[in-house]
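Here the structure comes first, spelled out in structure tokens, and everything after it is commentary.
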Amino acid sequence: MNDRNQQVIGHLEELRSRAIKTALAFIGFLIVGLSFMKPIYGWLIRDIDMKLAILGPSDILWVYLMIASVFSVAATIPVAAYQIWRFVSPALSAAERKVTLRFIPALFFLFIFGIGFGYLLLFPIVLNFLTTLSADQFETMFTAEKYFRFMLHLTLPFGFLFEMPLVIVFLTVLGILDPSKLKKSRKIAYFLLIVISVVITPPDFLSDVLVILPLLLLYEISITCSTMAYRKKTSPSTESNAGQENVAL
């Protein structure tokens, strides 16, 4: 019993250590992002025909922190993924360690791709649509805080949602998920994705449709990727290679 308690304490201490390393990496990247904030801010507002207003001296600091936090989250993802991999790797086989280690760079690029999709495609369409509605009736003026909050609501969730295929493949490799479970849960997954899209988008039909369709497509891509990973995992050649590696160990 004492040995078991010591093992639990050891795991908790290791988890705490890796969480601290991840937090320190986030803080470090946050400082880097803040140091380059003026050129980043200038690039983000390059297409705006008006100056953004602030309602108080703390607004610009809040905006800078929001933008730098997104930069820091993106840069911290590989660090966090590596720390998680190091934590769970003792429980994985040699083949599973090799496969899962390759997921770390892909997590970063998928996050960047998701943010790029939201910022370059979705955000301009929704913003132009909403400003067109008020063009003849209201004088348009944006505050910096509301503008960037609106931008983050349409871009940041896609950074995480675009990780879905890779996370599902990862869970398939570990044997936690399989394609049949994903197909049986399709209706529930669709419902949850629709709810997520409605929550993260402005209250208009166009925004909802532009978000729902990519999310449903991502789920179908996840099923396809899970099917490919499951077939590779259960193929006779893979099983024989894993057996040989276990014997070697």
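Within each chain, counting starts at residue 1; across the structure tokens, chains are named A, B, ... in the order shown, with ligands numbered 1 upward in that order.
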
Write down as a ChimeraX atom specification the residues belonging to region 20-199 of chain A that are assigned alpha helix (DSSP H) by DSSP computed on the backbone.
/A:20-35,37-44,57-88,94-101,103-117,123-133,144-161,164-173,179-184,186-199

task = Give me the residues within 10 Å of Leu193 (chain A) as a VMD selection string, counting only C-alpha atoms and dropping any in the same chain fewer than 5 places off.
result = chain A and resid 161 187 to 188 198 to 199 211 to 216 219

*asked:* At a cut-off of 9 Å, using only C-alpha atoms, what residues contact region 60-71 of chain A? Leave out same-chain residues fewer than 5 positions from it and give the result as number ranges by chain.
replied: A: 26, 29-34, 36-38, 40-41, 54, 76, 144-145, 148-149, 152, 156

With 7 Å as the cut-off and only C-alpha atoms counted, what is the closest atom pair between each nearby residue of region 142-162 of chain A and region 118-125 of chain A? Distances in Å to one decimal, ordered by chain and number, as JSON lines.
{"residue": "A:Met151", "atom": "CA", "partner": "A:Phe123", "partner_atom": "CA", "distance": 6.6}
{"residue": "A:Leu154", "atom": "CA", "partner": "A:Gly118", "partner_atom": "CA", "distance": 5.9}
{"residue": "A:Thr155", "atom": "CA", "partner": "A:Gly118", "partner_atom": "CA", "distance": 4.3}
{"residue": "A:Phe158", "atom": "CA", "partner": "A:Gly118", "partner_atom": "CA", "distance": 6.3}

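The two atoms in question, CA of Lys181 (chain A) and CA of Phe113 (chain A), are spaced 27.2 Å apart.
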